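Quick look at work_32.cif (mmCIF, C-alpha atoms):
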```
data_coords
loop_
_atom_site.label_atom_id
_atom_site.label_comp_id
_atom_site.auth_asym_id
_atom_site.auth_seq_id
_atom_site.Cartn_x
_atom_site.Cartn_y
_atom_site.Cartn_z
CA MET S 196 -18.46 -88.82 19.84
CA ALA S 197 -17.80 -87.06 23.14
CA LYS S 198 -18.85 -88.94 26.26
CA LEU S 199 -21.67 -87.41 28.33
CA VAL S 200 -20.41 -86.32 31.76
CA TYR S 201 -22.57 -85.18 34.70
CA ASP S 202 -21.64 -83.31 37.87
CA LYS S 203 -22.56 -84.52 41.38
CA ASN S 204 -25.99 -82.84 41.09
CA GLY S 205 -26.80 -84.58 37.83
CA ARG S 206 -26.16 -81.56 35.58
CA LEU S 207 -24.87 -82.41 32.10
CA LEU S 208 -21.49 -80.76 31.60
CA PHE S 209 -19.98 -79.25 28.48
CA THR S 210 -16.58 -80.97 28.34
CA LYS S 211 -13.28 -80.15 26.67
CA GLU S 212 -13.93 -82.94 24.17
CA MET S 213 -17.27 -81.33 23.27
CA LYS S 214 -15.52 -78.04 22.52
CA LYS S 215 -13.71 -79.79 19.66
CA GLU S 216 -16.84 -81.37 18.18
CA TYR S 217 -19.93 -79.36 19.16
CA THR S 218 -21.59 -76.28 17.70
CA LEU S 219 -22.83 -73.70 20.19
CA LEU S 220 -26.26 -72.28 19.35
CA ILE S 221 -26.89 -68.74 20.60
CA PRO S 222 -30.32 -67.02 20.72
CA GLN S 223 -30.47 -63.72 18.85
CA MET S 224 -31.04 -60.49 20.75
CA LEU S 225 -29.00 -57.62 19.31
CA PRO S 226 -28.09 -58.41 15.68
CA ILE S 227 -24.91 -56.27 15.55
CA HIS S 228 -23.61 -57.02 19.04
CA PHE S 229 -24.29 -60.75 18.91
CA ALA S 230 -22.69 -61.08 15.48
CA MET S 231 -19.51 -59.64 16.97
CA LEU S 232 -19.74 -61.75 20.13
CA GLU S 233 -20.15 -64.86 17.96
CA LYS S 234 -16.97 -63.99 16.07
CA CYS S 235 -15.14 -63.44 19.36
CA LEU S 236 -16.08 -66.95 20.47
CA LYS S 237 -14.80 -68.35 17.19
CA LEU S 238 -11.45 -66.66 17.80
CA HIS S 239 -11.17 -68.85 20.92
CA GLY S 240 -11.81 -72.11 19.11
CA TYR S 241 -15.57 -72.47 19.54
CA SER S 242 -17.83 -73.44 16.67
CA CYS S 243 -20.98 -71.37 17.13
CA GLU S 244 -23.98 -69.94 15.34
CA THR S 245 -26.45 -67.21 16.30
CA LEU S 246 -30.03 -68.21 15.60
CA THR S 247 -31.86 -65.75 13.36
CA SER S 248 -35.10 -67.70 12.82
CA ASN S 249 -38.16 -65.49 13.13
CA HIS S 250 -41.59 -67.07 12.63
CA ARG S 251 -44.76 -68.00 14.51
CA GLY S 252 -43.66 -71.62 14.87
CA ILE S 253 -41.13 -70.55 17.51
CA VAL S 254 -43.96 -69.27 19.73
CA ASP S 255 -45.93 -72.48 19.21
CA THR S 256 -42.89 -74.59 20.11
CA GLY S 257 -42.34 -72.51 23.23
CA LEU S 258 -45.97 -72.97 24.28
CA LYS S 259 -45.63 -76.72 23.78
CA TYR S 260 -42.64 -77.14 26.09
CA VAL S 261 -42.95 -74.22 28.55
CA HIS S 262 -45.81 -73.45 30.95
CA ASN S 263 -47.95 -70.67 29.49
CA ASP S 264 -47.56 -68.60 32.66
CA THR S 265 -43.83 -68.27 31.97
CA CYS S 266 -42.55 -64.89 30.84
CA TYR S 267 -42.67 -64.31 27.10
CA PRO S 268 -38.89 -63.81 26.55
CA ALA S 269 -38.15 -67.19 28.16
CA LEU S 270 -40.85 -68.83 26.04
CA LEU S 271 -39.34 -67.37 22.86
CA VAL S 272 -35.74 -68.30 23.62
CA ILE S 273 -36.61 -71.85 24.65
CA GLY S 274 -38.91 -72.23 21.65
CA GLN S 275 -36.19 -70.97 19.30
CA PHE S 276 -33.64 -73.39 20.79
CA ILE S 277 -35.83 -76.48 20.53
CA GLU S 278 -37.06 -75.51 17.08
CA ALA S 279 -33.43 -75.15 15.91
CA VAL S 280 -32.27 -78.46 17.40
CA ASN S 281 -35.19 -80.28 15.74
CA SER S 282 -34.84 -78.43 12.41
CA GLY S 283 -32.52 -81.00 10.83
CA GLU S 284 -29.86 -78.38 10.19
CA TYR S 285 -27.66 -79.66 13.02
CA ASP S 286 -26.52 -82.99 14.40
CA LYS S 287 -28.56 -83.24 17.60
CA ASN S 288 -25.74 -85.15 19.26
CA LYS S 289 -23.22 -82.40 18.55
CA VAL S 290 -24.91 -79.15 19.58
CA ALA S 291 -24.88 -77.21 22.84
CA LEU S 292 -27.03 -74.25 23.88
CA LEU S 293 -25.46 -71.06 25.21
CA ILE S 294 -27.47 -68.54 27.24
CA THR S 295 -26.58 -65.70 29.58
CA GLN S 296 -27.19 -65.54 33.34
CA THR S 297 -26.96 -62.22 35.15
CA GLY S 298 -27.14 -63.48 38.71
CA GLY S 299 -30.29 -61.53 39.54
CA GLY S 300 -33.77 -62.74 40.39
CA CYS S 301 -35.29 -62.57 36.89
CA ARG S 302 -35.52 -64.93 33.93
CA ALA S 303 -31.95 -64.18 32.84
CA SER S 304 -30.79 -66.21 35.83
CA ASN S 305 -33.58 -68.72 36.27
CA TYR S 306 -34.82 -69.87 32.90
CA ILE S 307 -31.76 -72.01 32.34
CA HIS S 308 -33.59 -74.53 34.55
CA LEU S 309 -36.79 -74.08 32.51
CA LEU S 310 -34.73 -74.79 29.39
CA ARG S 311 -33.37 -78.04 30.80
CA ARG S 312 -36.89 -79.13 31.79
CA ALA S 313 -38.13 -78.32 28.29
CA LEU S 314 -35.26 -80.29 26.71
CA LYS S 315 -36.14 -83.29 28.88
CA LYS S 316 -39.79 -83.03 27.86
CA ALA S 317 -38.73 -82.86 24.22
CA GLU S 318 -36.44 -85.90 24.73
CA LEU S 319 -33.39 -83.72 24.08
CA ASP S 320 -31.85 -83.82 27.56
CA PHE S 321 -28.59 -85.08 26.05
CA VAL S 322 -28.01 -81.54 24.72
CA PRO S 323 -25.70 -79.55 27.06
CA VAL S 324 -26.72 -76.09 28.25
CA ILE S 325 -23.93 -73.57 28.92
CA SER S 326 -24.33 -70.57 31.19
CA LEU S 327 -22.48 -67.41 30.13
CA ASN S 328 -22.10 -65.47 33.37
CA LEU S 329 -19.66 -63.46 35.44
CA SER S 330 -21.12 -64.57 38.76
CA GLY S 331 -19.74 -68.09 38.99
CA LEU S 332 -23.27 -69.55 38.80
CA GLU S 333 -22.41 -72.57 36.68
CA LYS S 334 -19.07 -73.82 35.39
CA ASN S 335 -18.19 -76.18 32.57
CA PRO S 336 -14.76 -77.68 31.88
CA GLY S 337 -15.15 -77.06 28.15
CA PHE S 338 -16.20 -73.41 28.42
CA THR S 339 -14.18 -70.85 30.34
CA LEU S 340 -14.04 -67.07 30.25
CA SER S 341 -10.48 -65.75 30.10
CA ILE S 342 -9.60 -62.14 30.88
CA LYS S 343 -8.84 -61.65 27.18
CA MET S 344 -12.26 -62.99 26.18
CA ILE S 345 -14.03 -60.76 28.71
CA ARG S 346 -12.16 -57.73 27.36
CA GLN S 347 -13.15 -58.68 23.81
CA PHE S 348 -16.79 -59.00 24.89
CA ILE S 349 -16.72 -55.54 26.50
CA TYR S 350 -15.15 -54.01 23.41
CA ALA S 351 -17.69 -55.81 21.20
CA ILE S 352 -20.49 -54.29 23.29
CA MET S 353 -18.96 -50.81 22.99
CA TYR S 354 -18.46 -51.15 19.23
CA GLY S 355 -21.93 -52.65 18.86
CA ASP S 356 -23.42 -49.68 20.71
CA ILE S 357 -21.73 -47.00 18.62
CA LEU S 358 -22.61 -48.80 15.39
CA MET S 359 -26.25 -49.23 16.47
CA LEU S 360 -26.54 -45.57 17.50
CA LEU S 361 -25.09 -44.27 14.23
CA ILE S 362 -27.00 -46.74 12.06
CA ASN S 363 -30.31 -45.58 13.55
CA GLN S 364 -29.39 -41.94 12.86
CA CYS S 365 -28.30 -42.62 9.26
CA ARG S 366 -30.58 -45.36 7.92
CA PRO S 367 -33.83 -43.30 7.88
CA TYR S 368 -32.15 -40.59 5.79
CA GLU S 369 -29.68 -42.45 3.56
CA LYS S 370 -29.68 -41.32 -0.05
CA HIS S 371 -28.50 -44.69 -1.33
CA LYS S 372 -30.53 -47.52 0.22
CA GLY S 373 -28.35 -50.08 1.94
CA SER S 374 -25.27 -47.87 2.24
CA THR S 375 -25.58 -47.66 6.05
CA ASP S 376 -25.84 -51.42 6.55
CA ALA S 377 -22.97 -52.05 4.13
CA LEU S 378 -20.69 -49.67 6.05
CA ALA S 379 -21.70 -51.24 9.37
CA LYS S 380 -20.85 -54.73 8.06
CA ARG S 381 -17.41 -53.57 6.92
CA TRP S 382 -16.70 -52.10 10.34
CA GLU S 383 -18.02 -55.17 12.13
CA ASP S 384 -15.62 -57.44 10.22
CA ARG S 385 -12.71 -55.04 10.63
CA LEU S 386 -13.16 -54.60 14.39
CA VAL S 387 -13.38 -58.30 15.19
CA GLY S 388 -10.42 -58.92 12.89
CA GLU S 389 -8.39 -56.49 14.99
CA PHE S 390 -9.08 -58.52 18.14
CA ARG S 391 -6.60 -61.15 16.99
CA LEU S 392 -3.80 -58.62 16.37
CA PRO S 393 -1.26 -57.77 19.10
CA GLY S 394 -1.74 -54.29 20.55
CA LYS S 395 -5.14 -53.71 18.96
CA LEU S 396 -7.14 -54.81 21.98
CA SER S 397 -6.56 -51.66 24.01
CA TYR S 398 -8.43 -48.62 25.26
CA ARG S 399 -6.27 -46.33 23.12
CA GLU S 400 -7.08 -48.26 19.94
CA MET S 401 -10.77 -48.31 20.85
CA VAL S 402 -10.81 -44.51 21.16
CA LYS S 403 -9.15 -44.21 17.75
CA ASN S 404 -11.72 -46.56 16.24
CA PHE S 405 -14.58 -44.56 17.74
CA LYS S 406 -13.34 -41.47 15.91
CA ARG S 407 -12.86 -43.38 12.64
CA ILE S 408 -16.32 -44.94 12.86
CA VAL S 409 -18.01 -41.57 13.45
CA ALA S 410 -16.09 -40.00 10.54
CA ASP S 411 -17.06 -42.86 8.20
CA PHE S 412 -20.75 -42.69 9.06
CA SER S 413 -20.66 -38.93 8.69
CA SER S 414 -19.68 -39.45 5.05
CA ILE S 415 -22.92 -41.33 4.26
CA GLU S 416 -25.06 -39.19 1.96
CA ARG S 417 -28.34 -38.30 3.67
CA MET S 418 -31.40 -36.36 2.62
CA GLY S 419 -34.89 -35.39 3.74
CA GLU S 420 -36.47 -33.51 6.60
CA PRO S 421 -36.01 -34.65 10.22
CA LYS S 422 -38.35 -37.50 11.03
CA VAL S 423 -40.34 -38.18 14.17
CA ARG S 424 -37.96 -39.78 16.66
CA VAL S 425 -39.32 -42.75 18.63
CA GLY S 426 -37.44 -44.20 21.59
CA ILE S 427 -37.65 -47.90 22.37
CA VAL S 428 -37.32 -49.05 25.99
CA GLY S 429 -38.55 -51.96 28.07
CA GLU S 430 -37.48 -55.47 29.05
CA ILE S 431 -34.03 -56.03 27.59
CA TYR S 432 -34.82 -58.98 25.28
CA ILE S 433 -38.06 -57.59 23.88
CA LYS S 434 -36.54 -54.12 23.52
CA TYR S 435 -33.75 -55.34 21.26
CA SER S 436 -34.77 -58.66 19.68
CA PRO S 437 -36.50 -58.56 16.27
CA LEU S 438 -38.09 -61.90 17.16
CA GLY S 439 -39.37 -60.56 20.48
CA ASN S 440 -40.74 -57.21 19.27
CA ASN S 441 -42.01 -58.25 15.83
CA ASN S 442 -39.30 -56.30 13.97
CA LEU S 443 -40.23 -53.06 15.72
CA GLU S 444 -37.35 -50.99 14.34
CA ALA S 445 -38.14 -52.03 10.76
CA PHE S 446 -41.80 -51.15 11.29
CA LEU S 447 -40.95 -47.69 12.61
CA LEU S 448 -38.74 -47.09 9.58
CA SER S 449 -41.57 -48.14 7.28
CA GLU S 450 -43.82 -45.61 9.01
CA GLY S 451 -41.36 -42.78 8.38
CA ALA S 452 -39.98 -42.60 11.92
CA GLU S 453 -36.44 -42.65 13.29
CA PRO S 454 -35.90 -45.35 15.95
CA VAL S 455 -33.83 -44.34 18.99
CA VAL S 456 -32.57 -47.33 20.99
CA PRO S 457 -30.48 -46.96 24.18
CA GLY S 458 -27.20 -48.85 24.14
CA LEU S 459 -26.41 -52.11 25.91
CA ILE S 460 -23.49 -50.64 27.89
CA ASP S 461 -25.91 -48.88 30.27
CA PHE S 462 -27.45 -52.23 31.21
CA LEU S 463 -23.99 -53.74 31.71
CA ILE S 464 -22.92 -50.89 34.02
CA PHE S 465 -26.28 -51.13 35.80
CA LYS S 466 -25.66 -54.81 36.57
CA ILE S 467 -22.14 -54.08 37.81
CA ASN S 468 -23.40 -51.17 39.91
CA ASN S 469 -26.03 -53.42 41.50
CA ARG S 470 -23.27 -55.46 43.13
CA ASP S 471 -21.95 -52.26 44.70
CA VAL S 472 -25.45 -51.27 45.83
CA ASP S 473 -25.92 -54.69 47.44
CA VAL S 474 -22.98 -54.03 49.76
CA ASP S 475 -24.33 -50.60 50.69
CA LEU S 476 -27.86 -51.84 51.40
CA TYR S 477 -27.29 -55.29 52.86
CA GLY S 478 -23.64 -55.38 53.86
CA GLY S 479 -20.95 -57.63 52.50
CA SER S 480 -17.34 -57.76 51.47
CA ARG S 481 -15.59 -54.43 51.03
CA LEU S 482 -13.22 -56.19 48.68
CA LYS S 483 -16.18 -57.05 46.46
CA LYS S 484 -17.23 -53.40 46.50
CA THR S 485 -13.71 -52.34 45.51
CA VAL S 486 -13.50 -54.86 42.66
CA VAL S 487 -16.90 -54.00 41.17
CA GLY S 488 -16.02 -50.32 41.51
CA ILE S 489 -12.94 -50.87 39.34
CA PHE S 490 -15.03 -52.67 36.70
CA GLN S 491 -17.69 -49.94 36.75
CA ARG S 492 -15.18 -47.11 36.38
CA TYR S 493 -13.55 -48.85 33.42
CA ALA S 494 -16.89 -49.46 31.69
CA GLU S 495 -17.92 -45.83 32.29
CA LYS S 496 -14.55 -44.67 30.96
CA CYS S 497 -15.20 -46.60 27.74
CA GLN S 498 -18.71 -45.15 27.49
CA LYS S 499 -17.40 -41.62 28.03
CA ALA S 500 -14.90 -42.06 25.17
CA MET S 501 -17.70 -43.19 22.85
CA ILE S 502 -19.91 -40.25 23.83
CA GLU S 503 -17.10 -37.74 23.30
CA ALA S 504 -16.33 -39.14 19.85
CA ILE S 505 -19.99 -38.73 18.80
CA LYS S 506 -20.35 -35.28 20.36
CA LYS S 507 -17.46 -33.91 18.30
CA ASN S 508 -19.46 -34.48 15.12
CA PRO S 509 -22.49 -32.16 14.79
CA ASP S 510 -24.17 -34.64 12.43
CA PHE S 511 -25.03 -36.98 15.29
CA ARG S 512 -26.68 -37.00 18.72
CA ALA S 513 -24.74 -38.60 21.56
CA PRO S 514 -26.39 -40.55 24.38
CA SER S 515 -26.13 -39.56 28.03
CA PRO S 516 -23.60 -41.24 30.34
CA PHE S 517 -24.78 -43.77 32.90
CA SER S 518 -24.14 -41.32 35.75
CA SER S 519 -26.56 -38.80 34.21
CA ILE S 520 -29.29 -41.42 33.77
CA ARG S 521 -28.87 -42.45 37.41
CA GLU S 522 -29.16 -38.81 38.46
CA LEU S 523 -32.36 -38.36 36.44
CA ALA S 524 -33.95 -41.47 37.97
CA LYS S 525 -33.09 -40.84 41.61
CA ASP S 526 -36.21 -38.72 42.26
CA TYR S 527 -38.41 -41.52 40.93
CA LEU S 528 -36.89 -44.81 42.11
CA GLY S 529 -34.24 -45.73 44.65
CA PRO S 530 -31.06 -47.68 43.80
CA GLY S 531 -32.45 -50.77 45.51
CA ASN S 532 -35.13 -51.07 42.83
CA LYS S 533 -32.97 -53.25 40.61
CA MET S 534 -34.96 -56.36 39.73
CA GLY S 535 -35.06 -56.84 35.97
CA GLU S 536 -34.23 -53.49 34.37
CA GLY S 537 -35.07 -51.76 37.66
CA TRP S 538 -34.69 -48.01 37.90
CA LEU S 539 -32.68 -48.01 34.66
CA LEU S 540 -35.84 -48.45 32.58
CA THR S 541 -37.42 -45.33 34.07
CA GLY S 542 -34.06 -43.59 33.72
CA GLU S 543 -33.91 -44.42 30.01
CA MET S 544 -37.35 -42.90 29.45
CA LEU S 545 -36.20 -39.75 31.27
CA GLU S 546 -32.99 -39.68 29.23
CA LEU S 547 -34.97 -39.86 25.98
CA ILE S 548 -37.34 -37.08 27.05
CA HIS S 549 -34.49 -34.81 28.12
CA GLU S 550 -32.61 -35.27 24.86
CA GLY S 551 -35.70 -34.43 22.82
CA THR S 552 -37.10 -37.87 21.99
CA ASN S 553 -40.43 -37.45 23.75
CA ASN S 554 -42.20 -40.21 21.76
CA ILE S 555 -41.49 -43.51 23.48
CA ILE S 556 -42.57 -47.13 23.08
CA CYS S 557 -42.28 -49.14 26.28
CA THR S 558 -42.16 -52.82 25.32
CA GLN S 559 -43.99 -54.93 27.91
CA PRO S 560 -43.63 -58.73 27.73
CA PHE S 561 -46.12 -60.99 29.43
CA GLY S 562 -44.98 -62.30 32.80
CA CYS S 563 -42.38 -59.61 33.52
CA LEU S 564 -43.72 -58.10 36.75
CA PRO S 565 -40.70 -55.84 37.53
CA ASN S 566 -40.87 -54.41 34.01
CA HIS S 567 -44.54 -53.56 34.42
CA ILE S 568 -43.80 -51.69 37.64
CA VAL S 569 -40.79 -49.66 36.51
CA GLY S 570 -42.08 -49.31 32.94
CA LYS S 571 -45.86 -49.16 32.54
CA GLY S 572 -46.25 -48.25 36.21
CA MET S 573 -44.17 -45.07 35.81
CA ILE S 574 -45.78 -43.72 32.63
CA ARG S 575 -48.49 -41.68 34.40
CA ARG S 576 -45.92 -40.06 36.71
CA LEU S 577 -43.70 -39.18 33.75
CA LYS S 578 -46.59 -37.73 31.80
CA ASP S 579 -47.55 -35.61 34.79
CA ASP S 580 -44.02 -34.27 35.12
CA TYR S 581 -43.44 -33.95 31.37
CA PRO S 582 -46.75 -33.05 29.66
CA GLU S 583 -45.19 -33.13 26.19
CA SER S 584 -44.13 -36.76 26.56
CA ASN S 585 -45.96 -39.23 24.31
CA ILE S 586 -45.45 -42.68 25.82
CA VAL S 587 -47.27 -45.88 24.92
CA ALA S 588 -46.88 -49.35 26.46
CA ILE S 589 -47.10 -52.19 23.95
CA ASP S 590 -47.82 -55.69 25.24
CA TYR S 591 -45.97 -58.67 23.77
CA ASP S 592 -47.28 -62.15 24.53
CA PRO S 593 -48.24 -65.35 22.66
CA GLY S 594 -51.78 -64.09 22.08
CA ALA S 595 -50.99 -60.51 21.06
CA THR S 596 -51.43 -59.92 17.35
CA LYS S 597 -48.93 -57.95 15.35
CA ILE S 598 -51.76 -55.94 13.78
CA ASN S 599 -53.03 -54.71 17.17
CA GLN S 600 -49.50 -53.81 18.26
CA GLU S 601 -48.84 -51.86 15.06
CA ASN S 602 -52.20 -50.08 15.23
CA ARG S 603 -51.40 -48.81 18.72
CA ILE S 604 -48.00 -47.62 17.50
CA LYS S 605 -49.61 -45.88 14.53
CA LEU S 606 -51.92 -44.04 16.92
CA MET S 607 -48.92 -42.95 18.96
CA LEU S 608 -47.20 -41.72 15.78
CA ALA S 609 -50.32 -39.81 14.77
CA ASN S 610 -50.28 -38.07 18.15
CA ALA S 611 -46.58 -37.35 17.73
CA LYS S 612 -47.15 -35.61 14.39
CA ARG S 613 -49.87 -33.42 15.91
CA LYS S 614 -47.70 -32.27 18.80
CA PRO S 615 -44.92 -29.72 18.38
CA SER S 616 -41.51 -31.39 18.40
CA ILE S 617 -39.04 -30.67 21.17
CA ALA S 618 -35.56 -29.77 19.99
CA ALA S 619 -32.83 -32.06 21.28
CA ASP S 620 -30.97 -29.16 22.90
CA THR S 621 -34.04 -27.76 24.66
CA ALA S 622 -34.25 -28.25 28.41
CA ILE S 623 -37.44 -30.06 29.35
CA PRO S 624 -39.15 -28.47 32.38
CA SER S 625 -40.44 -30.59 35.21
CA GLY S 626 -44.17 -30.65 35.94
CA ARG S 627 -43.94 -27.86 38.54
CA GLU S 628 -41.75 -25.71 36.31
CA TYR S 629 -44.16 -26.31 33.43
CA GLU S 630 -47.05 -25.04 35.56
CA LYS S 631 -45.13 -21.89 36.45
CA GLN S 632 -44.23 -21.20 32.80
CA HIS S 633 -47.54 -22.03 31.16
CA ILE S 634 -50.24 -21.77 33.84
CA GLY S 635 -48.92 -19.17 36.25
#
```
Would you mind writing the file out in structure tokens?
Amino acid sequence: MAKLVYDKNGRLLFTKEMKKEYTLLIPQMLPIHFAMLEKCLKLHGYSCETLTSNHRGIVDTGLKYVHNDTCYPALLVIGQFIEAVNSGEYDKNKVALLITQTGGGCRASNYIHLLRRALKKAELDFVPVISLNLSGLEKNPGFTLSIKMIRQFIYAIMYGDILMLLINQCRPYEKHKGSTDALAKRWEDRLVGEFRLPGKLSYREMVKNFKRIVADFSSIERMGEPKVRVGIVGEIYIKYSPLGNNNLEAFLLSEGAEPVVPGLIDFLIFKINNRDVDVDLYGGSRLKKTVVGIFQRYAEKCQKAMIEAIKKNPDFRAPSPFSSIRELAKDYLGPGNKMGEGWLLTGEMLELIHEGTNNIICTQPFGCLPNHIVGKGMIRRLKDDYPESNIVAIDYDPGATKINQENRIKLMLANAKRKPSIAADTAIPSGREYEKQHIG
């Protein structure tokens, strides 16, 4: 068994010996994306597993080992980790926990310390915790990010986004139930398989795959009238995670709606762009600004290729590029408003409204103050400017019942069916323009 090694500050390290023996446990957030990221890690010699457990016991475990004033996403992730380690499915002495850190001021950077405290309280402090970050926050000798691995992660995010977007536009209308998910699984396996082949990990190959993916999904037989489209925004974990939002996408499908979920690439570009904004607002290295600018331009180039591939097929709606979302949000929030999801959350609601998805669920987890400001706090302003918008904030916390959440969503859907739909290609007037057109 690998020897436990600590750094000078007493932090338990994940060593090279552990890489050979340990299984990395990863909390679930985006089912498609994380399945691909897990396979990427396996290509580099890591044994890992994404946790898919989804039951009330996770919340109870989180409440037991985390202060109840802690934000709900942190409580869920920590509860899921401890519940998994104690489940008997793994050797407790040969597992490590992998979580992301963004480098910002929110839970994604800070709850790694809450996790270690919870592990100590649960007498599991011999379990290493690994930080997956691009900011140099924590380093481990047994876990390193190579340039090749980072490129694979970016491509996995891009492929995950296009698959998620097309799945949500096909699944509500598929003639043969399960055909959409089956096609997505085939593509998921094929794409990750290509990562190991020489010459396949390139921008040119990614563009080709975008076109092939769109063509394949276009061949899925669909039927039925257009359904009410419902956008999902909010804090990043609760927005995407079935555990966090009580299987929100599945519920919307069961209610005859079409879920519309913004891609992860916008959040990635947002985080890169924040480094650039820091230099503009507070000063700093011009070299840093140049480097992050190169990363941002490459990520936006990849996003543009995905959007163009979708736009060429009239069967599907393409998302807006990051630059357009930033332009939409600039009259509402400044670029320095970047804690949590920052101005991007408001921008995503504006993007949805402008592309015709005026019914929006804003997922609000307990304890996420920035999210309440740029999410719930902006709803009245958006409704004033866009009278046809139908936005509801849904609270997610340990005491919120699924029934109450679903009843509020049903009320929103009832309102959506009473209002005239807005075509995706119709320009949405601002509040002042609306007054001129309809009031005089």
Exercise. Taking only C-alpha atoms into account, which of S:Glu546, S:His308, S:Met231, S:Gly439 comes nearest Gln275 in chain S?
Worked result: S:Gly439
Pull the neighbourhood of (-33.0, -74.8, 22.5) for me: all residues within 12 Å in file coordinates, counting only C-alpha atoms, as a short mmCIF file (atom, residue, chain, number, x, y, z; two decimals) with C-alpha atoms, keeping the file's coordinate frame.
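Output saved as result-v2.cif:
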```cif
data_model
loop_
_atom_site.label_atom_id
_atom_site.label_comp_id
_atom_site.auth_asym_id
_atom_site.auth_seq_id
_atom_site.Cartn_x
_atom_site.Cartn_y
_atom_site.Cartn_z
CA LEU S 219 -22.83 -73.70 20.19
CA LEU S 220 -26.26 -72.28 19.35
CA ILE S 221 -26.89 -68.74 20.60
CA PRO S 222 -30.32 -67.02 20.72
CA GLN S 223 -30.47 -63.72 18.85
CA THR S 245 -26.45 -67.21 16.30
CA LEU S 246 -30.03 -68.21 15.60
CA ILE S 253 -41.13 -70.55 17.51
CA THR S 256 -42.89 -74.59 20.11
CA GLY S 257 -42.34 -72.51 23.23
CA TYR S 260 -42.64 -77.14 26.09
CA VAL S 261 -42.95 -74.22 28.55
CA ALA S 269 -38.15 -67.19 28.16
CA LEU S 270 -40.85 -68.83 26.04
CA LEU S 271 -39.34 -67.37 22.86
CA VAL S 272 -35.74 -68.30 23.62
CA ILE S 273 -36.61 -71.85 24.65
CA GLY S 274 -38.91 -72.23 21.65
CA GLN S 275 -36.19 -70.97 19.30
CA PHE S 276 -33.64 -73.39 20.79
CA ILE S 277 -35.83 -76.48 20.53
CA GLU S 278 -37.06 -75.51 17.08
CA ALA S 279 -33.43 -75.15 15.91
CA VAL S 280 -32.27 -78.46 17.40
CA ASN S 281 -35.19 -80.28 15.74
CA SER S 282 -34.84 -78.43 12.41
CA TYR S 285 -27.66 -79.66 13.02
CA LYS S 287 -28.56 -83.24 17.60
CA VAL S 290 -24.91 -79.15 19.58
CA ALA S 291 -24.88 -77.21 22.84
CA LEU S 292 -27.03 -74.25 23.88
CA LEU S 293 -25.46 -71.06 25.21
CA ILE S 294 -27.47 -68.54 27.24
CA TYR S 306 -34.82 -69.87 32.90
CA ILE S 307 -31.76 -72.01 32.34
CA LEU S 309 -36.79 -74.08 32.51
CA LEU S 310 -34.73 -74.79 29.39
CA ARG S 311 -33.37 -78.04 30.80
CA ARG S 312 -36.89 -79.13 31.79
CA ALA S 313 -38.13 -78.32 28.29
CA LEU S 314 -35.26 -80.29 26.71
CA LYS S 315 -36.14 -83.29 28.88
CA LYS S 316 -39.79 -83.03 27.86
CA ALA S 317 -38.73 -82.86 24.22
CA GLU S 318 -36.44 -85.90 24.73
CA LEU S 319 -33.39 -83.72 24.08
CA ASP S 320 -31.85 -83.82 27.56
CA PHE S 321 -28.59 -85.08 26.05
CA VAL S 322 -28.01 -81.54 24.72
CA PRO S 323 -25.70 -79.55 27.06
CA VAL S 324 -26.72 -76.09 28.25
CA ILE S 325 -23.93 -73.57 28.92
#
```
Problem set entry | Residue among S:Glu333, S:Gly429, S:Pro516, S:Arg613 lying closest to Met573 in chain S, counting all atoms listed in the file |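 Using all atoms listed in the file, the shortest distance to Met573 in chain S belongs to S:Gly429.
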Counting all atoms listed in the file, which residues of range 328-433 of chain S fall within 10 Å of range 558-570 of chain S, and what is the closest atom pair for each with its distance in Å at one decimal, ordered by chain and rising number, as a Markdown table?
```
| residue | atom | partner | partner_atom | distance |
| --- | --- | --- | --- | --- |
| S:Ile427 | CA | S:Thr558 | CA | 7.3 |
| S:Val428 | CA | S:Thr558 | CA | 6.2 |
| S:Gly429 | CA | S:Thr558 | CA | 4.6 |
| S:Glu430 | CA | S:Asn566 | CA | 6.1 |
| S:Ile431 | CA | S:Thr558 | CA | 9.0 |
| S:Tyr432 | CA | S:Pro560 | CA | 9.1 |
| S:Ile433 | CA | S:Thr558 | CA | 6.5 |
```
Generate a file of the selected residues that holds C-alpha atoms, formatted as a PDB file, keeping the file's coordinate frame.
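Listing of part_15.pdb after writing:
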```pdb
ATOM      1  CA  ILE S 427     -37.650 -47.900  22.370  1.00  0.00           C
ATOM      2  CA  VAL S 428     -37.320 -49.050  25.990  1.00  0.00           C
ATOM      3  CA  GLY S 429     -38.550 -51.960  28.070  1.00  0.00           C
ATOM      4  CA  GLU S 430     -37.480 -55.470  29.050  1.00  0.00           C
ATOM      5  CA  ILE S 431     -34.030 -56.030  27.590  1.00  0.00           C
ATOM      6  CA  TYR S 432     -34.820 -58.980  25.280  1.00  0.00           C
ATOM      7  CA  ILE S 433     -38.060 -57.590  23.880  1.00  0.00           C
TER       8      ILE S 433
END
```
Exercise. How many Å lie between CA of Tyr477 in chain S and CA of Met534 in chain S, rounded to one decimal?
Worked result: 15.2 Å
